[in-house]
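Here the structure is laid out as structure tokens; the discussion comes afterwards.
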Amino acid sequence: MSKPASSAASETNGLLTDLMFPSSAAESTSAAASEGAEESRDNALGLTKAEAAAMLADPMMVLVNHTNKMPDNYTFDTKECGSQTAVNKTLQTAACDAFLEMQKAAAADGVTVWMQSGYRSVKYQTGLYERKTKYYTDRGYDTATAKEMAAAVVNPPGYSEHNCGLAADLNSPEHTGLDEGFENTTAFRWLCEHAVEYGFILRYPKGAEDRTEITYEPWHWRYVGRENAAKISASGLCFEDYIAQLHAIAG
């Protein structure tokens, strides 16, 4: 079948352009290849380079742990959502609003969830860390060892998620202590099933201690935003490993 005259003319013009301007054709091919690589999703998370970079740039995805200090220029507003007995009653505004919505949904299912400890100032965190260090020195450990042991339970000042207002220690009337006993409650089971829908992930899951460097904490939940939470949950990775994967993809 013969091609339409317009199609044949277009092909002829294209060939002439390639012959007359070979470098332009090569540059166009190279640009197309680069664009294709940029959009590749051939990785464990199924994200493009641009998508991975965007997630890393999201303030809700800030990584704060033993080796990653909260950025000095990380600023935010807070809002109160803690229970009457809460020690620290506020979270970042977005996290607070999401928690209140989640709390309301849980209540509709007959489950009570309380926010017991949220945003902590660096000064407050200093006191917690120093008291936990003293706890171990009083039991005969040298200072260096005591600090290391304390850091496995309470992050040093500036290195705690609580300092950025995105971490929420949760409990319920079933179990008011912030300890592993919370995992045996209806509230914990509800959170495991629904928290991701409101942008929260279990920050220090069982079995990931070697990566998070924090003991298993069923009461500690971290706000990352709904879309981010869904992606992290689907990956099955702890937060440290997910962030590492994002950096690998973003380059």
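Just so we're on the same page: first chain in the structure tokens is A, next is B, and so on; residues restart at 1 for each chain, and ligands are numbered from 1 in the order they show up.
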Please report as a tab-separated table every residue of stretch 101-215 of chain A lying within 7 Å of stretch 89-96 of chain A, along with the nearest atom pair and their distance in Å (one decimal), using only C-alpha atoms.
residue	atom	partner	partner_atom	distance
A:Gln116	CA	A:Lys89	CA	7.0
A:Ser117	CA	A:Lys89	CA	6.2
A:Gly118	CA	A:Leu91	CA	5.5
A:Tyr119	CA	A:Leu91	CA	5.3
A:Gly165	CA	A:Leu91	CA	4.8
A:Leu166	CA	A:Gln92	CA	6.1
Convert the current residue selection to file output with all heavy atoms, as a CSV table (one decimal), in the first residue's frame.
chain,number,residue,atom,x,y,z
A,116,GLN,N,-0.2,10.5,73.5
A,116,GLN,CA,0.3,10.7,74.9
A,116,GLN,C,1.6,11.5,74.9
A,116,GLN,O,1.9,12.2,75.9
A,116,GLN,CB,0.6,9.3,75.5
A,116,GLN,CG,0.9,9.4,77.0
A,116,GLN,CD,-0.2,9.9,77.8
A,116,GLN,OE1,-1.4,9.8,77.4
A,116,GLN,NE2,0.1,10.4,79.0
A,117,SER,N,2.3,11.5,73.8
A,117,SER,CA,3.5,12.3,73.7
A,117,SER,C,3.8,12.7,72.3
A,117,SER,O,4.0,11.8,71.5
A,117,SER,CB,4.7,11.6,74.4
A,117,SER,OG,5.9,12.4,74.4
A,118,GLY,N,3.9,14.0,72.0
A,118,GLY,CA,4.2,14.4,70.6
A,118,GLY,C,5.4,15.2,70.5
A,118,GLY,O,6.5,14.7,70.8
A,119,TYR,N,5.3,16.5,70.1
A,119,TYR,CA,6.4,17.3,69.9
A,119,TYR,C,7.2,17.6,71.2
A,119,TYR,O,6.6,17.9,72.2
A,119,TYR,CB,6.0,18.7,69.3
A,119,TYR,CG,7.0,19.8,69.4
A,119,TYR,CD1,8.2,19.6,68.7
A,119,TYR,CD2,6.9,20.9,70.2
A,119,TYR,CE1,9.2,20.6,68.8
A,119,TYR,CE2,7.8,21.8,70.3
A,119,TYR,CZ,9.0,21.7,69.6
A,119,TYR,OH,10.0,22.6,69.7
A,165,GLY,N,8.2,17.2,65.6
A,165,GLY,CA,6.8,17.2,65.7
A,165,GLY,C,6.0,16.3,64.8
A,165,GLY,O,4.8,16.5,64.6
A,166,LEU,N,6.7,15.2,64.3
A,166,LEU,CA,6.0,14.3,63.5
A,166,LEU,C,5.8,12.9,64.1
A,166,LEU,O,5.2,12.0,63.5
A,166,LEU,CB,6.8,14.1,62.2
A,166,LEU,CG,6.9,15.3,61.3
A,166,LEU,CD1,7.8,15.1,60.1
A,166,LEU,CD2,5.5,15.7,60.7
Item to complete: Do a neighbour search on stretch 59-64 of chain A at 6 Å with only C-alpha atoms, toss out local chain neighbours closer than 3 positions, and write the hits as an MDAnalysis selection string.
Response: chainID A and resid 68:70 159 161 224
Fill in: Selection: 8 Å around A:Gln103, only C-alpha atoms, excl. self and same-chain fewer than 5 positions, as a PyMOL selection string
chain A and resi 112-114
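Taking only C-alpha atoms into account, A:Ala230 lies nearest to A:Leu45 out of the set A:Ile249, A:Leu170, A:Met149, A:Leu45.
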Per residue of stretch 148-181 of chain A within 12 Å of stretch 202-206 of chain A, record the nearest atom pair and its distance in Å to one decimal, counting only C-alpha atoms, with rows in chain order and ascending residue number, as a tab-separated table.
residue	atom	partner	partner_atom	distance
A:Ala152	CA	A:Tyr204	CA	11.5
A:Val153	CA	A:Tyr204	CA	11.2
A:Ser160	CA	A:Arg203	CA	11.9
A:Glu161	CA	A:Arg203	CA	9.7
A:His162	CA	A:Arg203	CA	11.7
A:Leu166	CA	A:Arg203	CA	10.7
A:Ala167	CA	A:Arg203	CA	8.5
A:Ala168	CA	A:Arg203	CA	9.8
A:Asp169	CA	A:Leu202	CA	10.4
A:Leu170	CA	A:Leu202	CA	10.8
A:Glu180	CA	A:Lys206	CA	10.3
Write the selection just made, keeping N, CA, C and O atoms, as a PDB file, in the first residue's frame?
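Written file, result_5.pdb:
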ATOM      1  N   ALA A 152      19.719   3.826  72.745  1.00  0.00           N
ATOM      2  CA  ALA A 152      18.903   2.750  72.177  1.00  0.00           C
ATOM      3  C   ALA A 152      17.449   2.867  72.611  1.00  0.00           C
ATOM      4  O   ALA A 152      16.569   2.215  72.051  1.00  0.00           O
ATOM      5  N   VAL A 153      17.213   3.719  73.592  1.00  0.00           N
ATOM      6  CA  VAL A 153      15.861   3.898  74.122  1.00  0.00           C
ATOM      7  C   VAL A 153      15.358   5.326  73.890  1.00  0.00           C
ATOM      8  O   VAL A 153      14.201   5.534  73.511  1.00  0.00           O
ATOM      9  N   SER A 160      15.995  13.133  67.669  1.00  0.00           N
ATOM     10  CA  SER A 160      14.728  12.450  67.922  1.00  0.00           C
ATOM     11  C   SER A 160      13.642  12.973  67.002  1.00  0.00           C
ATOM     12  O   SER A 160      13.522  14.183  66.776  1.00  0.00           O
ATOM     13  N   GLU A 161      12.834  12.061  66.474  1.00  0.00           N
ATOM     14  CA  GLU A 161      11.696  12.468  65.635  1.00  0.00           C
ATOM     15  C   GLU A 161      10.731  13.369  66.400  1.00  0.00           C
ATOM     16  O   GLU A 161      10.061  14.205  65.808  1.00  0.00           O
ATOM     17  N   HIS A 162      10.682  13.200  67.698  1.00  0.00           N
ATOM     18  CA  HIS A 162       9.790  14.030  68.500  1.00  0.00           C
ATOM     19  C   HIS A 162      10.173  15.509  68.386  1.00  0.00           C
ATOM     20  O   HIS A 162       9.330  16.389  68.536  1.00  0.00           O
ATOM     21  N   LEU A 166       6.660  15.225  64.343  1.00  0.00           N
ATOM     22  CA  LEU A 166       5.986  14.262  63.469  1.00  0.00           C
ATOM     23  C   LEU A 166       5.795  12.897  64.122  1.00  0.00           C
ATOM     24  O   LEU A 166       5.163  12.015  63.536  1.00  0.00           O
ATOM     25  N   ALA A 167       6.344  12.721  65.310  1.00  0.00           N
ATOM     26  CA  ALA A 167       6.250  11.438  66.007  1.00  0.00           C
ATOM     27  C   ALA A 167       5.194  11.518  67.104  1.00  0.00           C
ATOM     28  O   ALA A 167       5.119  12.504  67.843  1.00  0.00           O
ATOM     29  N   ALA A 168       4.380  10.481  67.191  1.00  0.00           N
ATOM     30  CA  ALA A 168       3.318  10.441  68.192  1.00  0.00           C
ATOM     31  C   ALA A 168       3.390   9.128  68.964  1.00  0.00           C
ATOM     32  O   ALA A 168       3.311   8.052  68.376  1.00  0.00           O
ATOM     33  N   ASP A 169       3.567   9.243  70.266  1.00  0.00           N
ATOM     34  CA  ASP A 169       3.497   8.063  71.127  1.00  0.00           C
ATOM     35  C   ASP A 169       2.037   7.880  71.521  1.00  0.00           C
ATOM     36  O   ASP A 169       1.435   8.771  72.147  1.00  0.00           O
ATOM     37  N   LEU A 170       1.480   6.730  71.154  1.00  0.00           N
ATOM     38  CA  LEU A 170       0.050   6.500  71.346  1.00  0.00           C
ATOM     39  C   LEU A 170      -0.216   5.440  72.412  1.00  0.00           C
ATOM     40  O   LEU A 170       0.572   4.509  72.591  1.00  0.00           O
ATOM     41  N   GLU A 180       5.877  -2.330  75.369  1.00  0.00           N
ATOM     42  CA  GLU A 180       5.467  -3.362  74.418  1.00  0.00           C
ATOM     43  C   GLU A 180       4.100  -3.956  74.704  1.00  0.00           C
ATOM     44  O   GLU A 180       3.494  -4.594  73.842  1.00  0.00           O
TER      45      GLU A 180
END
Worksheet item: atom CA of A:Gln245 and atom CA of A:Asn43, how far apart in Å?
Response: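 About the pair atom CA of A:Asn43 and atom CA of A:Gln245: they are 9.0 Å apart.
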Item to complete: Would you please work out which residue, of A:Ala146, A:Lys132, A:Asn163, A:Val111, is nearest to A:Thr78 when using only C-alpha atoms?
Response: A:Asn163
Can you list every residue in stretch 48-183 of chain A that DSSP puts in alpha helix (DSSP H), as a short mmCIF file (atom, residue, chain, number, x, y, z; two decimals) with all heavy atoms, in the first residue's frame?
data_model
loop_
_atom_site.label_atom_id
_atom_site.label_comp_id
_atom_site.auth_asym_id
_atom_site.auth_seq_id
_atom_site.Cartn_x
_atom_site.Cartn_y
_atom_site.Cartn_z
N LYS A 49 13.01 8.54 38.88
CA LYS A 49 14.03 9.34 39.57
C LYS A 49 13.42 10.62 40.11
O LYS A 49 13.70 11.03 41.24
CB LYS A 49 15.15 9.66 38.59
CG LYS A 49 16.31 10.45 39.18
CD LYS A 49 17.42 10.63 38.17
CE LYS A 49 18.59 11.41 38.78
NZ LYS A 49 19.70 11.57 37.81
N ALA A 50 12.57 11.26 39.32
CA ALA A 50 11.93 12.50 39.73
C ALA A 50 11.00 12.28 40.92
O ALA A 50 10.93 13.10 41.84
CB ALA A 50 11.16 13.11 38.56
N GLU A 51 10.26 11.18 40.90
CA GLU A 51 9.33 10.88 42.01
C GLU A 51 10.10 10.63 43.30
O GLU A 51 9.68 11.07 44.38
CB GLU A 51 8.47 9.68 41.65
CG GLU A 51 7.42 9.97 40.59
CD GLU A 51 6.73 8.73 40.06
OE1 GLU A 51 7.28 7.62 40.24
OE2 GLU A 51 5.64 8.88 39.47
N ALA A 52 11.21 9.91 43.21
CA ALA A 52 12.03 9.62 44.39
C ALA A 52 12.60 10.92 44.95
O ALA A 52 12.60 11.13 46.17
CB ALA A 52 13.15 8.66 44.03
N ALA A 53 13.08 11.79 44.07
CA ALA A 53 13.64 13.07 44.51
C ALA A 53 12.57 13.93 45.18
O ALA A 53 12.83 14.60 46.19
CB ALA A 53 14.24 13.81 43.32
N ALA A 54 11.35 13.90 44.66
CA ALA A 54 10.26 14.68 45.23
C ALA A 54 9.90 14.18 46.63
O ALA A 54 9.63 14.98 47.54
CB ALA A 54 9.03 14.62 44.32
N MET A 55 9.92 12.88 46.82
CA MET A 55 9.63 12.33 48.14
C MET A 55 10.70 12.73 49.14
O MET A 55 10.41 13.07 50.29
CB MET A 55 9.50 10.81 48.07
CG MET A 55 8.25 10.31 47.39
SD MET A 55 8.05 8.49 47.49
CE MET A 55 7.60 8.29 49.23
N LEU A 56 11.97 12.71 48.71
CA LEU A 56 13.06 13.08 49.61
C LEU A 56 12.98 14.56 49.99
O LEU A 56 13.42 14.95 51.08
CB LEU A 56 14.41 12.79 48.94
CG LEU A 56 14.79 11.32 48.82
CD1 LEU A 56 16.02 11.16 47.94
CD2 LEU A 56 15.05 10.71 50.20
N ALA A 57 12.43 15.37 49.10
CA ALA A 57 12.33 16.81 49.35
C ALA A 57 11.11 17.17 50.20
O ALA A 57 11.01 18.30 50.69
CB ALA A 57 12.26 17.57 48.03
N THR A 93 1.10 20.79 62.67
CA THR A 93 -0.31 21.00 62.36
C THR A 93 -0.90 19.92 61.45
O THR A 93 -1.98 19.38 61.72
CB THR A 93 -0.52 22.39 61.73
OG1 THR A 93 -0.07 23.38 62.67
CG2 THR A 93 -1.98 22.62 61.41
N ALA A 94 -0.18 19.58 60.37
CA ALA A 94 -0.69 18.56 59.44
C ALA A 94 -0.82 17.21 60.14
O ALA A 94 -1.80 16.48 59.95
CB ALA A 94 0.23 18.45 58.23
N ALA A 95 0.17 16.87 60.96
CA ALA A 95 0.14 15.60 61.68
C ALA A 95 -0.97 15.60 62.72
O ALA A 95 -1.66 14.58 62.93
CB ALA A 95 1.49 15.34 62.35
N CYS A 96 -1.16 16.73 63.38
CA CYS A 96 -2.22 16.86 64.39
C CYS A 96 -3.60 16.66 63.76
O CYS A 96 -4.42 15.90 64.26
CB CYS A 96 -2.13 18.23 65.05
SG CYS A 96 -3.44 18.54 66.24
N ASP A 97 -3.84 17.35 62.65
CA ASP A 97 -5.14 17.23 61.98
C ASP A 97 -5.39 15.79 61.54
O ASP A 97 -6.51 15.28 61.66
CB ASP A 97 -5.19 18.16 60.77
CG ASP A 97 -5.27 19.63 61.16
OD1 ASP A 97 -5.61 19.92 62.33
OD2 ASP A 97 -4.96 20.49 60.30
N ALA A 98 -4.33 15.14 61.03
CA ALA A 98 -4.47 13.75 60.59
C ALA A 98 -4.75 12.83 61.77
O ALA A 98 -5.57 11.91 61.69
CB ALA A 98 -3.21 13.31 59.86
N PHE A 99 -4.07 13.08 62.90
CA PHE A 99 -4.31 12.25 64.08
C PHE A 99 -5.74 12.40 64.58
O PHE A 99 -6.40 11.41 64.91
CB PHE A 99 -3.35 12.59 65.22
CG PHE A 99 -3.74 11.91 66.50
CD1 PHE A 99 -3.48 10.56 66.68
CD2 PHE A 99 -4.42 12.60 67.50
CE1 PHE A 99 -3.89 9.90 67.83
CE2 PHE A 99 -4.82 11.95 68.65
CZ PHE A 99 -4.56 10.60 68.82
N LEU A 100 -6.25 13.63 64.64
CA LEU A 100 -7.61 13.85 65.12
C LEU A 100 -8.63 13.16 64.23
O LEU A 100 -9.62 12.61 64.71
CB LEU A 100 -7.89 15.35 65.21
CG LEU A 100 -7.13 16.11 66.30
CD1 LEU A 100 -7.38 17.60 66.18
CD2 LEU A 100 -7.50 15.60 67.68
N GLU A 101 -8.37 13.18 62.93
CA GLU A 101 -9.26 12.48 62.00
C GLU A 101 -9.19 10.97 62.23
O GLU A 101 -10.21 10.27 62.21
CB GLU A 101 -8.84 12.81 60.55
CG GLU A 101 -9.78 12.24 59.50
CD GLU A 101 -9.35 12.59 58.09
OE1 GLU A 101 -8.44 13.42 57.91
OE2 GLU A 101 -9.93 11.99 57.14
N MET A 102 -7.97 10.47 62.45
CA MET A 102 -7.78 9.05 62.71
C MET A 102 -8.43 8.65 64.03
O MET A 102 -9.09 7.60 64.12
CB MET A 102 -6.28 8.72 62.74
CG MET A 102 -5.97 7.25 62.99
SD MET A 102 -4.20 6.87 62.77
CE MET A 102 -3.47 7.68 64.20
N GLN A 103 -8.27 9.46 65.03
CA GLN A 103 -8.86 9.20 66.34
C GLN A 103 -10.38 9.11 66.24
O GLN A 103 -11.01 8.24 66.86
CB GLN A 103 -8.46 10.31 67.32
CG GLN A 103 -8.90 10.08 68.75
CD GLN A 103 -8.48 11.22 69.65
OE1 GLN A 103 -8.75 12.39 69.35
NE2 GLN A 103 -7.80 10.90 70.75
N LYS A 104 -10.97 10.01 65.45
CA LYS A 104 -12.42 10.02 65.25
C LYS A 104 -12.88 8.75 64.54
O LYS A 104 -13.90 8.15 64.90
CB LYS A 104 -12.82 11.25 64.44
CG LYS A 104 -14.31 11.41 64.24
CD LYS A 104 -14.63 12.69 63.47
CE LYS A 104 -16.12 12.86 63.26
NZ LYS A 104 -16.42 14.12 62.51
N ALA A 105 -12.11 8.31 63.54
CA ALA A 105 -12.46 7.09 62.80
C ALA A 105 -12.36 5.87 63.72
O ALA A 105 -13.20 4.96 63.65
CB ALA A 105 -11.53 6.92 61.60
N ALA A 106 -11.34 5.84 64.56
CA ALA A 106 -11.19 4.74 65.50
C ALA A 106 -12.38 4.69 66.46
O ALA A 106 -12.94 3.63 66.75
CB ALA A 106 -9.88 4.87 66.27
N ALA A 107 -12.77 5.87 66.95
CA ALA A 107 -13.90 5.95 67.88
C ALA A 107 -15.17 5.43 67.24
O ALA A 107 -16.00 4.78 67.89
CB ALA A 107 -14.08 7.39 68.35
N ALA A 108 -15.33 5.70 65.94
CA ALA A 108 -16.52 5.21 65.21
C ALA A 108 -16.54 3.70 65.16
O ALA A 108 -17.59 3.07 65.04
CB ALA A 108 -16.54 5.78 63.80
N VAL A 122 14.10 20.48 71.81
CA VAL A 122 15.43 19.90 71.97
C VAL A 122 15.86 19.96 73.44
O VAL A 122 16.49 19.04 73.97
CB VAL A 122 16.45 20.63 71.07
CG1 VAL A 122 17.88 20.16 71.38
CG2 VAL A 122 16.14 20.38 69.61
N LYS A 123 15.48 21.04 74.12
CA LYS A 123 15.80 21.18 75.55
C LYS A 123 15.14 20.07 76.35
O LYS A 123 15.77 19.46 77.23
CB LYS A 123 15.33 22.55 76.04
CG LYS A 123 15.64 22.80 77.52
CD LYS A 123 15.18 24.19 77.94
CE LYS A 123 15.47 24.43 79.43
NZ LYS A 123 15.00 25.79 79.86
N TYR A 124 13.87 19.81 76.06
CA TYR A 124 13.17 18.73 76.77
C TYR A 124 13.82 17.38 76.48
O TYR A 124 13.99 16.55 77.38
CB TYR A 124 11.70 18.72 76.33
CG TYR A 124 10.84 17.73 77.07
CD1 TYR A 124 10.19 18.08 78.24
CD2 TYR A 124 10.67 16.42 76.59
CE1 TYR A 124 9.40 17.17 78.93
CE2 TYR A 124 9.89 15.50 77.27
CZ TYR A 124 9.26 15.88 78.43
OH TYR A 124 8.48 14.97 79.11
N GLN A 125 14.20 17.17 75.22
CA GLN A 125 14.83 15.91 74.83
C GLN A 125 16.16 15.72 75.56
O GLN A 125 16.54 14.61 75.92
CB GLN A 125 15.07 15.89 73.31
CG GLN A 125 15.52 14.54 72.76
CD GLN A 125 14.41 13.52 72.74
OE1 GLN A 125 13.24 13.88 72.73
NE2 GLN A 125 14.76 12.25 72.74
N THR A 126 16.87 16.82 75.79
CA THR A 126 18.15 16.77 76.51
C THR A 126 17.93 16.19 77.91
O THR A 126 18.69 15.34 78.37
CB THR A 126 18.77 18.17 76.62
OG1 THR A 126 19.01 18.67 75.30
CG2 THR A 126 20.08 18.12 77.39
N GLY A 127 16.88 16.65 78.57
CA GLY A 127 16.59 16.16 79.91
C GLY A 127 16.28 14.67 79.92
O GLY A 127 16.76 13.93 80.80
N LEU A 128 15.49 14.21 78.95
CA LEU A 128 15.16 12.79 78.87
C LEU A 128 16.40 11.94 78.67
O LEU A 128 16.59 10.91 79.33
CB LEU A 128 14.19 12.55 77.70
CG LEU A 128 12.76 13.07 77.83
CD1 LEU A 128 11.99 12.75 76.55
CD2 LEU A 128 12.06 12.45 79.03
N TYR A 129 17.26 12.38 77.76
CA TYR A 129 18.47 11.62 77.43
C TYR A 129 19.44 11.58 78.62
O TYR A 129 20.01 10.53 78.93
CB TYR A 129 19.16 12.24 76.21
CG TYR A 129 20.40 11.53 75.76
CD1 TYR A 129 20.33 10.25 75.21
CD2 TYR A 129 21.65 12.12 75.88
CE1 TYR A 129 21.46 9.58 74.80
CE2 TYR A 129 22.80 11.47 75.46
CZ TYR A 129 22.70 10.20 74.92
OH TYR A 129 23.84 9.55 74.52
N GLU A 130 19.57 12.70 79.29
CA GLU A 130 20.49 12.75 80.43
C GLU A 130 19.98 11.89 81.58
O GLU A 130 20.77 11.22 82.26
CB GLU A 130 20.68 14.20 80.88
CG GLU A 130 21.50 15.02 79.90
CD GLU A 130 21.67 16.47 80.33
OE1 GLU A 130 20.96 16.89 81.28
OE2 GLU A 130 22.51 17.17 79.74
N ARG A 131 18.67 11.88 81.80
CA ARG A 131 18.11 11.04 82.87
C ARG A 131 18.28 9.56 82.56
O ARG A 131 18.58 8.75 83.45
CB ARG A 131 16.63 11.37 83.08
CG ARG A 131 16.39 12.68 83.82
CD ARG A 131 14.97 12.79 84.33
NE ARG A 131 14.00 12.90 83.26
CZ ARG A 131 13.67 14.03 82.66
NH1 ARG A 131 14.26 15.17 83.01
NH2 ARG A 131 12.75 14.06 81.71
N LYS A 132 18.09 9.18 81.29
CA LYS A 132 18.25 7.78 80.92
C LYS A 132 19.73 7.37 81.01
O LYS A 132 20.05 6.26 81.44
CB LYS A 132 17.73 7.54 79.49
CG LYS A 132 17.75 6.08 79.05
CD LYS A 132 16.94 5.19 79.97
CE LYS A 132 15.45 5.45 79.85
NZ LYS A 132 14.65 4.46 80.64
N THR A 133 20.64 8.26 80.67
CA THR A 133 22.07 7.99 80.80
C THR A 133 22.43 7.77 82.27
O THR A 133 23.16 6.84 82.61
CB THR A 133 22.90 9.15 80.22
OG1 THR A 133 22.60 9.30 78.82
CG2 THR A 133 24.40 8.89 80.38
N LYS A 134 21.90 8.63 83.12
CA LYS A 134 22.16 8.51 84.57
C LYS A 134 21.61 7.19 85.11
O LYS A 134 22.21 6.57 86.00
CB LYS A 134 21.53 9.69 85.31
CG LYS A 134 21.86 9.73 86.80
CD LYS A 134 21.28 10.98 87.45
CE LYS A 134 21.70 11.07 88.91
NZ LYS A 134 21.26 9.91 89.71
N TYR A 135 20.49 6.77 84.56
CA TYR A 135 19.90 5.49 84.98
C TYR A 135 20.92 4.36 84.83
O TYR A 135 21.03 3.49 85.71
CB TYR A 135 18.65 5.21 84.14
CG TYR A 135 18.06 3.83 84.34
CD1 TYR A 135 17.16 3.57 85.37
CD2 TYR A 135 18.40 2.77 83.49
CE1 TYR A 135 16.61 2.31 85.55
CE2 TYR A 135 17.86 1.51 83.66
CZ TYR A 135 16.97 1.28 84.69
OH TYR A 135 16.44 0.02 84.87
N TYR A 136 21.66 4.38 83.73
CA TYR A 136 22.64 3.32 83.48
C TYR A 136 23.95 3.54 84.23
O TYR A 136 24.57 2.58 84.69
CB TYR A 136 22.90 3.20 81.98
CG TYR A 136 21.72 2.62 81.22
CD1 TYR A 136 21.04 3.38 80.27
CD2 TYR A 136 21.28 1.32 81.47
CE1 TYR A 136 19.94 2.85 79.58
CE2 TYR A 136 20.18 0.80 80.80
CZ TYR A 136 19.52 1.57 79.85
OH TYR A 136 18.44 1.04 79.20
N THR A 137 24.37 4.80 84.39
CA THR A 137 25.60 5.03 85.16
C THR A 137 25.38 4.66 86.63
O THR A 137 26.30 4.17 87.30
CB THR A 137 26.06 6.50 85.07
OG1 THR A 137 24.99 7.37 85.47
CG2 THR A 137 26.49 6.84 83.64
N THR A 143 30.41 5.99 81.54
CA THR A 143 29.62 7.02 80.87
C THR A 143 29.40 6.74 79.39
O THR A 143 28.27 6.89 78.88
CB THR A 143 30.29 8.40 81.02
OG1 THR A 143 30.44 8.70 82.41
CG2 THR A 143 29.46 9.49 80.36
N ALA A 144 30.45 6.32 78.69
CA ALA A 144 30.33 6.05 77.25
C ALA A 144 29.33 4.94 76.98
O ALA A 144 28.49 5.04 76.09
CB ALA A 144 31.70 5.69 76.66
N THR A 145 29.42 3.87 77.78
CA THR A 145 28.49 2.74 77.61
C THR A 145 27.07 3.16 77.98
O THR A 145 26.11 2.80 77.31
CB THR A 145 28.92 1.55 78.48
OG1 THR A 145 30.24 1.15 78.11
CG2 THR A 145 27.97 0.38 78.30
N ALA A 146 26.95 3.93 79.05
CA ALA A 146 25.63 4.40 79.50
C ALA A 146 24.96 5.26 78.43
O ALA A 146 23.76 5.13 78.17
CB ALA A 146 25.76 5.19 80.79
N LYS A 147 25.74 6.12 77.78
CA LYS A 147 25.17 6.96 76.72
C LYS A 147 24.72 6.12 75.54
O LYS A 147 23.67 6.39 74.94
CB LYS A 147 26.22 7.99 76.26
CG LYS A 147 26.43 9.12 77.25
CD LYS A 147 27.40 10.16 76.69
CE LYS A 147 27.51 11.35 77.63
NZ LYS A 147 28.43 12.38 77.08
N GLU A 148 25.52 5.11 75.21
CA GLU A 148 25.15 4.23 74.09
C GLU A 148 23.88 3.46 74.41
O GLU A 148 22.99 3.31 73.56
CB GLU A 148 26.30 3.26 73.80
CG GLU A 148 26.06 2.35 72.62
CD GLU A 148 27.23 1.44 72.32
OE1 GLU A 148 28.31 1.67 72.88
OE2 GLU A 148 27.05 0.49 71.53
N MET A 149 23.78 2.95 75.63
CA MET A 149 22.59 2.21 76.04
C MET A 149 21.36 3.13 76.10
O MET A 149 20.26 2.75 75.69
CB MET A 149 22.82 1.54 77.40
CG MET A 149 23.90 0.46 77.37
SD MET A 149 24.27 -0.22 79.01
CE MET A 149 22.77 -1.17 79.32
N ALA A 150 21.57 4.35 76.57
CA ALA A 150 20.46 5.31 76.65
C ALA A 150 19.96 5.65 75.26
O ALA A 150 18.75 5.78 75.04
CB ALA A 150 20.93 6.58 77.36
N ALA A 151 20.88 5.76 74.29
CA ALA A 151 20.50 6.13 72.91
C ALA A 151 19.67 5.06 72.23
O ALA A 151 18.99 5.34 71.24
CB ALA A 151 21.75 6.42 72.10
#
Practice prompt. Using only C-alpha atoms, pick whichever of A:Arg222, A:Arg41, A:Lys79, A:His194 has the shortest atom-to-atom distance to A:Cys238.
Written response: A:Arg222
Item to complete: Run DSSP on the backbone of this structure and report the residues of stretch 14-224 of chain A it assigns to strand (DSSP E or B), as a PyMOL selection string.
Response: chain A and resi 65+68+78-80+88+90-92+114-117+167-172+175+200-204+217-223
Fill in: Closest of A:Phe200, A:His175, A:Ala187, A:Tyr216 to A:Ala229 - atom-to-atom distances counting only C-alpha atoms
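Closest residue, counting only C-alpha atoms: A:Phe200.
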